[in-house]
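The file upload_2.cif comes next; it holds mmCIF, C-alpha atoms.
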```
data_run
loop_
_atom_site.label_atom_id
_atom_site.label_comp_id
_atom_site.auth_asym_id
_atom_site.auth_seq_id
_atom_site.Cartn_x
_atom_site.Cartn_y
_atom_site.Cartn_z
CA MET A 26 51.23 -43.49 194.59
CA LYS A 27 52.57 -40.11 195.62
CA ILE A 28 54.69 -39.94 192.47
CA ALA A 29 51.69 -40.84 190.31
CA LEU A 30 49.55 -38.16 191.94
CA GLY A 31 52.37 -35.65 191.60
CA THR A 32 52.78 -36.43 187.92
CA LEU A 33 49.02 -36.16 187.39
CA TRP A 34 48.96 -32.76 189.14
CA LEU A 35 51.91 -31.58 187.04
CA CYS A 36 50.23 -32.70 183.82
CA LEU A 37 46.95 -31.02 184.80
CA SER A 38 48.64 -27.74 185.71
CA MET A 39 50.73 -27.79 182.52
CA GLY A 40 47.54 -28.45 180.57
CA ALA A 41 45.77 -25.54 182.28
CA LEU A 42 48.76 -23.29 181.54
CA ALA A 43 48.86 -24.36 177.91
CA GLU A 44 45.12 -23.76 177.68
CA LYS A 45 45.46 -20.17 178.84
CA MET A 46 48.23 -19.29 176.39
CA ASN A 47 47.19 -18.48 172.86
CA TRP A 48 50.30 -17.49 170.95
CA GLU A 49 48.34 -16.26 167.94
CA ARG A 50 46.32 -13.91 170.13
CA ALA A 51 49.48 -12.80 171.94
CA GLN A 52 51.17 -11.93 168.64
CA PHE A 53 48.09 -9.97 167.58
CA HIS A 54 48.15 -8.01 170.84
CA TYR A 55 51.87 -7.33 170.45
CA ARG A 56 51.23 -5.99 166.97
CA MET A 57 48.29 -3.88 168.09
CA PHE A 58 49.60 -2.47 171.36
CA CYS A 59 53.41 -2.74 171.43
CA GLN A 60 54.88 -2.94 167.94
CA GLY A 61 54.02 0.69 167.05
CA CYS A 62 56.89 1.82 169.30
CA HIS A 63 58.94 -1.31 169.95
CA SER A 64 59.07 -2.26 166.21
CA PRO A 65 58.09 -5.58 164.61
CA ASP A 66 61.18 -7.47 165.81
CA GLY A 67 61.39 -5.84 169.24
CA GLY A 68 64.50 -3.95 168.19
CA GLY A 69 63.06 -0.60 169.35
CA ALA A 70 63.82 2.79 167.84
CA THR A 71 65.48 6.03 168.85
CA SER A 72 64.51 6.63 172.48
CA VAL A 73 62.54 3.35 172.59
CA PRO A 74 64.57 0.71 174.45
CA PRO A 75 65.05 -2.59 172.62
CA LEU A 76 63.18 -5.61 173.96
CA LYS A 77 65.22 -7.83 171.69
CA ASP A 78 68.04 -9.68 173.49
CA ASN A 79 67.50 -7.53 176.60
CA ILE A 80 64.10 -8.04 178.13
CA GLY A 81 65.09 -11.25 179.93
CA TYR A 82 67.64 -9.42 182.12
CA PHE A 83 64.78 -7.74 183.99
CA LEU A 84 63.63 -11.15 185.25
CA GLU A 85 66.86 -11.44 187.27
CA ILE A 86 65.47 -9.53 190.26
CA PRO A 87 61.88 -9.15 191.59
CA ALA A 88 61.87 -5.37 191.04
CA GLY A 89 62.90 -5.92 187.41
CA ARG A 90 60.18 -8.49 186.90
CA GLU A 91 57.64 -6.01 188.30
CA TYR A 92 59.10 -3.21 186.16
CA LEU A 93 57.94 -4.97 182.97
CA VAL A 94 54.37 -4.80 184.31
CA ARG A 95 54.64 -1.31 185.86
CA VAL A 96 55.88 0.57 182.76
CA PRO A 97 53.04 2.71 181.40
CA GLY A 98 52.79 0.75 178.14
CA SER A 99 51.93 -2.36 180.18
CA ALA A 100 50.21 -1.10 183.33
CA THR A 101 47.85 1.34 181.62
CA SER A 102 47.28 -0.65 178.42
CA ALA A 103 43.78 -1.60 177.29
CA LEU A 104 44.64 -5.31 177.74
CA ASN A 105 43.07 -7.20 180.61
CA ASP A 106 45.29 -8.99 183.14
CA GLY A 107 45.21 -12.35 181.36
CA ASN A 108 45.99 -10.91 177.95
CA LEU A 109 48.77 -8.72 179.36
CA ALA A 110 50.35 -11.75 181.04
CA GLU A 111 50.05 -13.65 177.76
CA VAL A 112 51.65 -10.93 175.63
CA LEU A 113 54.50 -10.41 178.13
CA ASN A 114 55.19 -14.15 178.09
CA TRP A 115 55.09 -14.09 174.29
CA ILE A 116 57.52 -11.15 174.13
CA ILE A 117 59.96 -12.91 176.47
CA SER A 118 59.66 -16.13 174.49
CA GLU A 119 60.12 -14.40 171.12
CA PHE A 120 62.63 -11.66 171.82
CA SER A 121 64.68 -12.37 174.94
CA GLY A 122 67.37 -14.39 173.14
CA ASP A 123 69.96 -15.42 175.74
CA SER A 124 68.96 -12.70 178.20
CA ALA A 125 66.36 -14.89 179.95
CA GLY A 126 67.31 -18.08 181.72
CA GLU A 127 65.84 -21.32 180.41
CA ASN A 128 63.50 -21.77 183.36
CA TYR A 129 62.08 -18.31 183.81
CA GLU A 130 58.72 -18.12 185.51
CA ARG A 131 55.84 -17.10 183.31
CA TYR A 132 53.61 -14.20 184.28
CA THR A 133 50.11 -15.03 185.44
CA ALA A 134 46.96 -12.91 185.42
CA SER A 135 46.93 -12.72 189.22
CA GLU A 136 50.51 -11.44 189.32
CA ILE A 137 49.66 -8.79 186.71
CA SER A 138 46.57 -7.79 188.65
CA ARG A 139 48.62 -7.30 191.83
CA VAL A 140 51.47 -5.33 190.20
CA ARG A 141 49.85 -3.16 187.51
CA VAL A 142 47.97 -1.09 190.10
CA HIS A 143 51.33 0.59 190.84
CA PRO A 144 52.27 2.12 187.47
CA LEU A 145 55.54 4.02 187.24
CA ASP A 146 55.29 7.79 187.00
CA GLU A 147 58.87 8.13 185.86
CA VAL A 148 60.59 5.45 183.84
CA GLU A 149 64.04 6.48 182.60
CA HIS A 150 65.85 7.13 185.88
CA TYR A 151 64.13 4.16 187.49
CA ARG A 152 65.30 1.90 184.67
CA THR A 153 68.90 3.13 184.95
CA LYS A 154 68.86 2.41 188.70
CA LEU A 155 67.30 -0.99 188.08
CA LEU A 156 69.86 -1.96 185.44
CA ALA A 157 72.66 -1.20 187.93
CA GLN A 158 70.97 -3.48 190.48
CA ILE A 159 70.57 -6.21 187.87
CA ALA A 160 74.24 -5.93 186.87
CA ALA A 161 75.23 -6.22 190.55
CA ALA A 162 72.97 -9.27 191.01
CA LYS A 163 74.46 -10.94 187.93
CA ALA A 164 77.99 -10.24 189.17
CA ARG A 165 77.16 -11.92 192.49
CA ASN A 166 75.75 -15.07 190.82
CA MET B 14 75.46 -47.72 110.86
CA LYS B 15 72.85 -50.17 109.59
CA ILE B 16 73.14 -52.12 112.85
CA PHE B 17 72.22 -48.99 114.85
CA ASP B 18 69.32 -48.19 112.54
CA ARG B 19 67.95 -51.72 112.92
CA LEU B 20 68.44 -51.68 116.67
CA PHE B 21 66.58 -48.35 117.14
CA GLU B 22 63.86 -49.45 114.73
CA GLN B 23 63.32 -52.66 116.71
CA GLN B 24 63.20 -50.77 120.04
CA ALA B 25 60.78 -48.18 118.67
CA ARG B 26 58.45 -50.85 117.26
CA GLN B 27 58.50 -52.83 120.54
CA LEU B 28 57.69 -49.66 122.52
CA ALA B 29 54.84 -48.78 120.14
CA GLN B 30 53.39 -52.30 120.54
CA ARG B 31 53.59 -52.19 124.34
CA SER B 32 52.16 -48.70 124.89
CA SER B 33 49.34 -46.55 123.55
CA ARG B 34 49.15 -42.84 122.79
CA ARG B 35 46.08 -42.59 125.02
CA GLY B 36 48.07 -44.20 127.82
CA LEU B 37 50.79 -41.58 127.40
CA LEU B 38 48.23 -38.77 127.48
CA LYS B 39 46.60 -40.32 130.55
CA GLY B 40 49.92 -40.50 132.37
CA LEU B 41 50.88 -36.95 131.46
CA GLY B 42 47.46 -35.61 132.44
CA GLY B 43 47.63 -37.38 135.80
CA LEU B 44 51.07 -35.95 136.44
CA LEU B 45 49.96 -32.39 135.61
CA VAL B 46 46.75 -32.46 137.69
CA GLY B 47 48.37 -34.36 140.57
CA GLY B 48 51.38 -32.05 140.56
CA ALA B 49 49.16 -29.00 140.82
CA ALA B 50 47.16 -30.49 143.69
CA VAL B 51 50.13 -31.46 145.86
CA PRO B 52 52.53 -28.79 147.12
CA LEU B 53 55.89 -29.58 145.54
CA LEU B 54 58.06 -27.78 148.10
CA PRO B 55 57.69 -27.52 151.87
CA VAL B 56 57.33 -23.73 151.77
CA SER B 57 55.73 -21.72 154.55
CA ARG B 58 52.31 -20.43 153.57
CA VAL B 59 51.87 -18.25 156.64
CA HIS B 60 52.67 -15.04 154.80
CA ALA B 61 50.48 -16.01 151.87
CA ALA B 62 47.59 -16.39 154.32
CA GLU B 63 48.33 -12.96 155.78
CA LYS B 64 48.39 -11.25 152.39
CA PRO B 65 44.97 -9.77 151.66
CA MET B 66 43.06 -9.66 148.41
CA ASP B 67 43.76 -6.07 147.55
CA LYS B 68 41.07 -4.28 145.57
CA GLY B 69 40.50 -0.54 145.30
CA ASP B 70 42.31 2.64 144.45
CA PRO B 71 45.15 3.55 146.88
CA SER B 72 44.94 7.17 145.76
CA SER B 73 41.32 7.39 146.93
CA CYS B 74 40.33 8.07 150.54
CA ASP B 75 37.73 5.28 150.20
CA TYR B 76 40.43 2.64 149.86
CA TRP B 77 39.82 0.00 152.56
CA ARG B 78 43.20 0.34 154.28
CA TYR B 79 42.59 4.02 155.06
CA CYS B 80 39.76 3.41 157.54
CA ALA B 81 41.58 5.29 160.31
CA MET B 82 43.57 7.67 158.13
CA ASP B 83 44.09 11.32 159.05
CA GLY B 84 46.57 12.94 156.68
CA PHE B 85 47.82 13.18 153.10
CA LEU B 86 47.95 9.95 151.10
CA CYS B 87 51.52 9.08 150.12
CA ASP B 88 50.13 7.43 147.00
CA CYS B 89 49.34 10.97 145.71
CA CYS B 90 52.70 12.37 146.81
CA GLY B 91 55.19 10.27 144.84
CA GLY B 92 55.11 7.23 147.15
CA SER B 93 52.50 4.53 147.62
CA ALA B 94 50.28 3.04 150.31
CA ASN B 95 53.37 1.06 151.39
CA THR B 96 56.28 3.37 150.64
CA CYS B 97 57.42 6.93 151.30
CA PRO B 98 58.08 9.43 148.52
CA PRO B 99 61.75 9.98 147.61
CA GLY B 100 63.49 12.39 149.94
CA THR B 101 61.37 11.49 152.98
CA GLU B 102 62.03 9.10 155.84
CA MET B 103 59.50 6.58 157.18
CA SER B 104 58.88 6.95 160.90
CA PRO B 105 59.81 3.76 162.79
CA ILE B 106 57.30 4.70 165.49
CA THR B 107 53.74 4.48 164.36
CA TRP B 108 50.17 3.94 165.34
CA ILE B 109 48.39 0.75 164.48
CA GLY B 110 44.76 -0.22 164.02
CA THR B 111 42.59 -2.63 162.09
CA CYS B 112 40.50 -2.26 158.92
CA ARG B 113 38.02 -4.68 157.40
CA ASN B 114 38.83 -5.66 153.83
CA PRO B 115 35.59 -5.79 151.80
CA ALA B 116 37.21 -8.13 149.26
CA ASP B 117 37.40 -11.03 151.72
CA GLY B 118 35.45 -9.76 154.75
CA ARG B 119 38.45 -10.17 157.08
CA SER B 120 40.04 -7.60 159.36
CA TYR B 121 43.72 -6.76 158.91
CA ILE B 122 46.19 -4.96 161.14
CA ILE B 123 47.24 -1.69 159.49
CA SER B 124 50.31 0.36 160.42
CA TYR B 125 49.97 4.08 159.57
CA ASN B 126 53.65 4.98 159.23
CA ASP B 127 54.16 8.66 158.51
CA CYS B 128 56.73 9.89 156.00
CA CYS B 129 58.81 12.72 157.35
CA GLY B 130 61.48 15.21 156.40
CA LYS B 131 59.59 17.46 153.96
CA SER B 132 56.77 19.92 154.46
CA SER B 133 53.17 18.70 154.11
CA CYS B 134 52.44 17.10 150.74
CA GLY B 135 49.09 18.87 150.43
CA ALA B 136 47.55 16.34 148.01
CA CYS B 137 44.72 13.88 148.74
CA LEU B 138 43.85 14.91 152.28
CA CYS B 139 42.00 11.99 153.84
CA GLN B 140 40.30 11.99 157.21
CA ARG B 141 38.25 8.94 158.17
CA ASP B 142 39.26 8.39 161.79
CA GLU B 143 37.46 5.07 162.31
CA GLY B 144 38.72 3.67 165.63
CA ASP B 145 40.69 6.83 166.38
CA ARG B 146 40.89 7.47 170.15
CA PRO B 147 41.43 10.74 172.02
CA PRO B 148 45.01 11.76 172.89
CA TYR B 149 44.68 10.29 176.40
CA ARG B 150 45.00 6.95 174.58
CA PRO B 151 48.20 8.04 172.77
CA ASP B 152 48.96 4.72 171.09
CA LYS B 153 45.59 4.80 169.33
CA THR B 154 45.27 8.41 168.27
CA ASN B 155 46.02 9.93 164.91
CA ASP B 156 45.85 13.52 166.17
CA ILE B 157 49.52 13.68 167.10
CA ASN B 158 52.49 14.02 164.78
CA TRP B 159 53.89 10.49 164.44
CA CYS B 160 57.20 11.71 162.97
CA LEU B 161 59.01 10.29 165.99
CA GLY B 162 62.40 8.67 165.82
CA THR B 163 63.12 10.32 162.49
CA GLU B 164 65.79 12.91 161.72
CA SER B 165 63.15 15.54 161.02
CA ALA B 166 59.76 15.92 162.68
CA ALA B 167 58.29 17.60 159.56
CA TYR B 168 55.21 15.61 158.44
CA HIS B 169 54.80 14.94 154.71
CA CYS B 170 52.26 12.12 154.16
CA SER B 171 50.97 8.80 155.56
CA THR B 172 51.17 5.19 154.44
CA ALA B 173 48.86 2.31 155.40
CA ILE B 174 50.86 -0.91 155.56
CA VAL B 175 49.27 -4.33 156.12
CA VAL B 176 50.95 -5.99 159.11
CA GLY B 177 48.89 -9.17 159.22
CA VAL B 178 45.46 -10.67 159.82
CA ALA B 179 43.62 -9.52 162.93
CA PHE B 180 42.98 -12.21 165.54
CA GLU B 181 39.32 -12.95 166.12
CA GLU B 182 38.12 -14.98 169.11
CA THR B 183 36.11 -17.98 167.93
#
```
For the file at hand, write its structure as structure tokens.
Amino acid sequence: MKIALGTLWLCLSMGALAEKMNWERAQFHYRMFCQGCHSPDGGGATSVPPLKDNIGYFLEIPAGREYLVRVPGSATSALNDGNLAEVLNWIISEFSGDSAGENYERYTASEISRVRVHPLDEVEHYRTKLLAQIAAAKARN
Amino acid sequence: MKIFDRLFEQQARQLAQRSSRRGLLKGLGGLLVGGAAVPLLPVSRVHAAEKPMDKGDPSSCDYWRYCAMDGFLCDCCGGSANTCPPGTEMSPITWIGTCRNPADGRSYIISYNDCCGKSSCGACLCQRDEGDRPPYRPDKTNDINWCLGTESAAYHCSTAIVVGVAFEET
């Protein structure tokens, strides 16, 4: 009985999750609000860091996960919390390559709402520091 | 040789008795109409769906893709609405908006990539600014020089490239 209820709960939550994600809308928001700097394939440009094959590394540590929400392009964007969560999940799904583990946790609107109220004033030095922490965490695992 | 002649004659007569010319026409017609109706190869039609019906004059400021334009039209400067003139470099960093295409009534995402590396073109100045936001919304303003990430920051002209169909909530 417990297993059946557990399975039912899992199916319902997966259904709710799938309902919230609209990949077509997420791609549109990427094109409208991110692609201008990060380029169509996430490869970036001079002085714009590449999302492609890199973005998943930030999910290694909690501060890195929050960083993706706190960067000005995310935190101060015109997207609401749900749409920002959706486009971040889409970017990770499309561009992370092998940098994200298979079972990474998707962003939710409530997580975005909690984190985006602390936008970063300075990004470059913070990112360098963060990447060192991520490298250390990866070396430990 | 006579044996072959007789053999082919017999086969041809038998075929003519068994089939009709109308039947042949019917079969051919069915094949042509049916072939046109069914896609013959499993090709992706996503990009075809994203390609707009493109009417209008790209050297005119009224052209539908220029709804948020603020600059010189590359189409008048030796390039086109999609390409930079020779001797200039397209900026990889750009600002993006949407324009409604009157030919099909749909909105499309437009990327206003600037062409850089030469002084201002000076031809076909176009300023429509629909959807342009103030500089405090930097990703949606056309008032800044978008020659970023290029070797030279000298602005020459602007393109208006269709990125895809705009998403509309149903």
List every residue of chain A that has an atom at most 8 Å from any atom of chain B, giving for each one its closest atom pair and the distance in Å to one decimal, counting all atoms listed in the file, sorted by chain and then by ascending residue number, as CSV.
```
residue,atom,partner,partner_atom,distance
A:Glu49,CA,B:Phe180,CA,7.1
A:Arg50,CA,B:Phe180,CA,5.9
A:Phe53,CA,B:Phe180,CA,5.9
A:Arg56,CA,B:Ile109,CA,7.7
A:Met57,CA,B:Ile109,CA,5.9
A:Phe58,CA,B:Asp152,CA,7.2
A:Gly61,CA,B:Thr107,CA,4.7
A:Cys62,CA,B:Ile106,CA,4.8
A:His63,CA,B:Ile106,CA,7.7
A:Ser64,CA,B:Pro105,CA,7.0
A:Ala70,CA,B:Gly162,CA,6.4
A:Thr71,CA,B:Gly162,CA,5.1
A:Ser72,CA,B:Gly162,CA,7.3
```
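Of the residues listed (B:Tyr79, B:Phe85, B:Tyr149, B:Tyr121), B:Phe85 shows the shortest atom-to-atom separation from Tyr168 in chain B; distances use all atoms listed in the file.
Proximity ranking of B:Cys112, B:Cys139, B:Cys170, B:Ala94 relative to Asp127 in chain B places B:Cys170 first, based on all atoms listed in the file.
Against the coordinates shown, the PyMOL selection byres ((chain B and resi 67) around 10) returns Lys64, Pro65, Met66, Lys68, Gly69, Asp70, Pro71, Tyr76, Trp77, Arg78, Asn114, Pro115, Ala116 and Asp117 of chain B.
Between CA of Gly130 in chain B and CA of Met82 in chain B the interatomic distance comes to 19.5 Å.
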How far is it from CA of Phe120 in chain A to CA of Pro144 in chain A, in Å with one decimal?
-> 23.3 Å
Any chance you could resolve the PyMOL selection byres ((chain A and resi 161-166) around 12) against this file and give the residues as a PyMOL selection string?
-> chain A and resi 82-89+124+126+154-160
Can I get the selection written as a short mmCIF file (atom, residue, chain, number, x, y, z; two decimals), in the frame of the given file, with C-alpha atoms?
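Listing of part04.cif after writing:
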```cif
data_model
loop_
_atom_site.label_atom_id
_atom_site.label_comp_id
_atom_site.auth_asym_id
_atom_site.auth_seq_id
_atom_site.Cartn_x
_atom_site.Cartn_y
_atom_site.Cartn_z
CA TYR A 82 67.64 -9.42 182.12
CA PHE A 83 64.78 -7.74 183.99
CA LEU A 84 63.63 -11.15 185.25
CA GLU A 85 66.86 -11.44 187.27
CA ILE A 86 65.47 -9.53 190.26
CA PRO A 87 61.88 -9.15 191.59
CA ALA A 88 61.87 -5.37 191.04
CA GLY A 89 62.90 -5.92 187.41
CA SER A 124 68.96 -12.70 178.20
CA GLY A 126 67.31 -18.08 181.72
CA LYS A 154 68.86 2.41 188.70
CA LEU A 155 67.30 -0.99 188.08
CA LEU A 156 69.86 -1.96 185.44
CA ALA A 157 72.66 -1.20 187.93
CA GLN A 158 70.97 -3.48 190.48
CA ILE A 159 70.57 -6.21 187.87
CA ALA A 160 74.24 -5.93 186.87
#
```
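Distance check against Leu76 in chain A using all atoms listed in the file: of A:Ile116, A:Leu109, A:Leu104, A:Met46, the minimum falls on A:Ile116.
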Skipping near chain neighbours, those fewer than 3 positions away, what residues fall within 7 Å of Ala167 in chain B using all atoms listed in the file, listed as a PDB file with C-alpha atoms, in the frame of the given file?
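For reference, part.pdb as written:
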```pdb
ATOM      1  CA  CYS B 129      58.810  12.720 157.350  1.00  0.00           C
ATOM      2  CA  GLY B 130      61.480  15.210 156.400  1.00  0.00           C
ATOM      3  CA  LYS B 131      59.590  17.460 153.960  1.00  0.00           C
ATOM      4  CA  SER B 132      56.770  19.920 154.460  1.00  0.00           C
ATOM      5  CA  CYS B 160      57.200  11.710 162.970  1.00  0.00           C
TER       6      CYS B 160
END
```
Run the PyMOL selection byres ((chain A and resi 141) around 6) mentally over the shown coordinates, then write out the matched residues as a PyMOL selection string, using the chain letters and numbers from the document.
-> chain A and resi 94-95+100+137-138+140+142-144
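Using only C-alpha atoms, the nearest neighbour of Leu145 in chain A within the list A:Gly67, A:Pro75, A:Gly122, A:Gly98 is A:Gly98.
Every protein or nucleic acid residue with an atom no more than 7 Å from Leu86 in chain B, counting all atoms listed in the file and leaving out same-chain residues fewer than 2 positions away, appears here: Ser72, Gly84, Asp88, Cys89, Cys90, Cys137, Leu138, Cys139, Cys170, Ser171 and Thr172 of chain B.
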Just range 139-163 of chain A from the block, N, CA, C and O atoms, as a short mmCIF file (atom, residue, chain, number, x, y, z; two decimals), in the first residue's frame, could you?
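Result file is out_25.cif:
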```
data_model
loop_
_atom_site.label_atom_id
_atom_site.label_comp_id
_atom_site.auth_asym_id
_atom_site.auth_seq_id
_atom_site.Cartn_x
_atom_site.Cartn_y
_atom_site.Cartn_z
N ARG A 139 13.64 33.19 -3.45
CA ARG A 139 14.45 33.33 -2.23
C ARG A 139 15.85 33.90 -2.55
O ARG A 139 16.38 34.71 -1.80
N VAL A 140 16.42 33.47 -3.68
CA VAL A 140 17.83 33.79 -3.97
C VAL A 140 18.00 35.10 -4.75
O VAL A 140 18.95 35.85 -4.52
N ARG A 141 17.08 35.41 -5.65
CA ARG A 141 17.30 36.55 -6.55
C ARG A 141 17.25 37.90 -5.83
O ARG A 141 17.63 38.92 -6.41
N VAL A 142 16.75 37.91 -4.60
CA VAL A 142 16.70 39.18 -3.86
C VAL A 142 18.09 39.59 -3.36
O VAL A 142 18.24 40.63 -2.73
N HIS A 143 19.10 38.74 -3.63
CA HIS A 143 20.48 39.08 -3.26
C HIS A 143 21.36 39.12 -4.51
O HIS A 143 22.26 38.29 -4.68
N PRO A 144 21.10 40.06 -5.41
CA PRO A 144 21.90 40.10 -6.64
C PRO A 144 23.36 40.46 -6.36
O PRO A 144 23.64 41.15 -5.37
N LEU A 145 24.24 39.99 -7.20
CA LEU A 145 25.67 40.28 -7.02
C LEU A 145 25.99 41.67 -7.53
O LEU A 145 25.56 42.05 -8.62
N ASP A 146 26.75 42.43 -6.74
CA ASP A 146 27.19 43.74 -7.20
C ASP A 146 28.42 43.60 -8.09
O ASP A 146 28.63 44.35 -9.03
N GLU A 147 29.24 42.63 -7.76
CA GLU A 147 30.48 42.41 -8.51
C GLU A 147 30.51 40.94 -8.90
O GLU A 147 30.24 40.07 -8.07
N VAL A 148 30.81 40.68 -10.16
CA VAL A 148 30.67 39.31 -10.64
C VAL A 148 32.02 38.61 -10.87
O VAL A 148 32.23 37.48 -10.46
N GLU A 149 32.95 39.33 -11.53
CA GLU A 149 34.16 38.65 -12.03
C GLU A 149 35.02 38.04 -10.93
O GLU A 149 35.39 36.86 -11.02
N HIS A 150 35.34 38.82 -9.90
CA HIS A 150 36.18 38.28 -8.82
C HIS A 150 35.44 37.18 -8.07
O HIS A 150 36.02 36.17 -7.68
N TYR A 151 34.14 37.40 -7.88
CA TYR A 151 33.34 36.40 -7.17
C TYR A 151 33.35 35.08 -7.93
O TYR A 151 33.49 34.01 -7.35
N ARG A 152 33.23 35.17 -9.25
CA ARG A 152 33.22 33.94 -10.06
C ARG A 152 34.57 33.22 -9.98
O ARG A 152 34.61 31.99 -9.87
N THR A 153 35.65 33.97 -10.03
CA THR A 153 36.98 33.36 -9.94
C THR A 153 37.13 32.60 -8.62
O THR A 153 37.61 31.45 -8.59
N LYS A 154 36.68 33.24 -7.55
CA LYS A 154 36.75 32.62 -6.21
C LYS A 154 35.90 31.33 -6.18
O LYS A 154 36.31 30.29 -5.69
N LEU A 155 34.71 31.47 -6.76
CA LEU A 155 33.76 30.35 -6.79
C LEU A 155 34.31 29.16 -7.58
O LEU A 155 34.19 28.01 -7.16
N LEU A 156 34.95 29.46 -8.72
CA LEU A 156 35.48 28.39 -9.56
C LEU A 156 36.59 27.62 -8.82
O LEU A 156 36.71 26.40 -8.98
N ALA A 157 37.36 28.34 -7.99
CA ALA A 157 38.40 27.68 -7.19
C ALA A 157 37.75 26.74 -6.17
O ALA A 157 38.20 25.61 -5.97
N GLN A 158 36.66 27.21 -5.56
CA GLN A 158 35.94 26.37 -4.59
C GLN A 158 35.34 25.13 -5.27
O GLN A 158 35.36 24.04 -4.73
N ILE A 159 34.82 25.34 -6.47
CA ILE A 159 34.22 24.22 -7.21
C ILE A 159 35.30 23.19 -7.58
O ILE A 159 35.09 21.98 -7.44
N ALA A 160 36.46 23.69 -8.02
CA ALA A 160 37.56 22.79 -8.38
C ALA A 160 37.99 21.98 -7.16
O ALA A 160 38.23 20.77 -7.26
N ALA A 161 38.04 22.65 -5.99
CA ALA A 161 38.43 21.96 -4.76
C ALA A 161 37.39 20.89 -4.39
O ALA A 161 37.74 19.77 -3.99
N ALA A 162 36.12 21.24 -4.55
CA ALA A 162 35.04 20.30 -4.22
C ALA A 162 35.08 19.09 -5.15
O ALA A 162 34.89 17.94 -4.72
N LYS A 163 35.38 19.33 -6.41
CA LYS A 163 35.45 18.23 -7.39
C LYS A 163 36.65 17.32 -7.07
O LYS A 163 36.56 16.11 -7.22
#
```
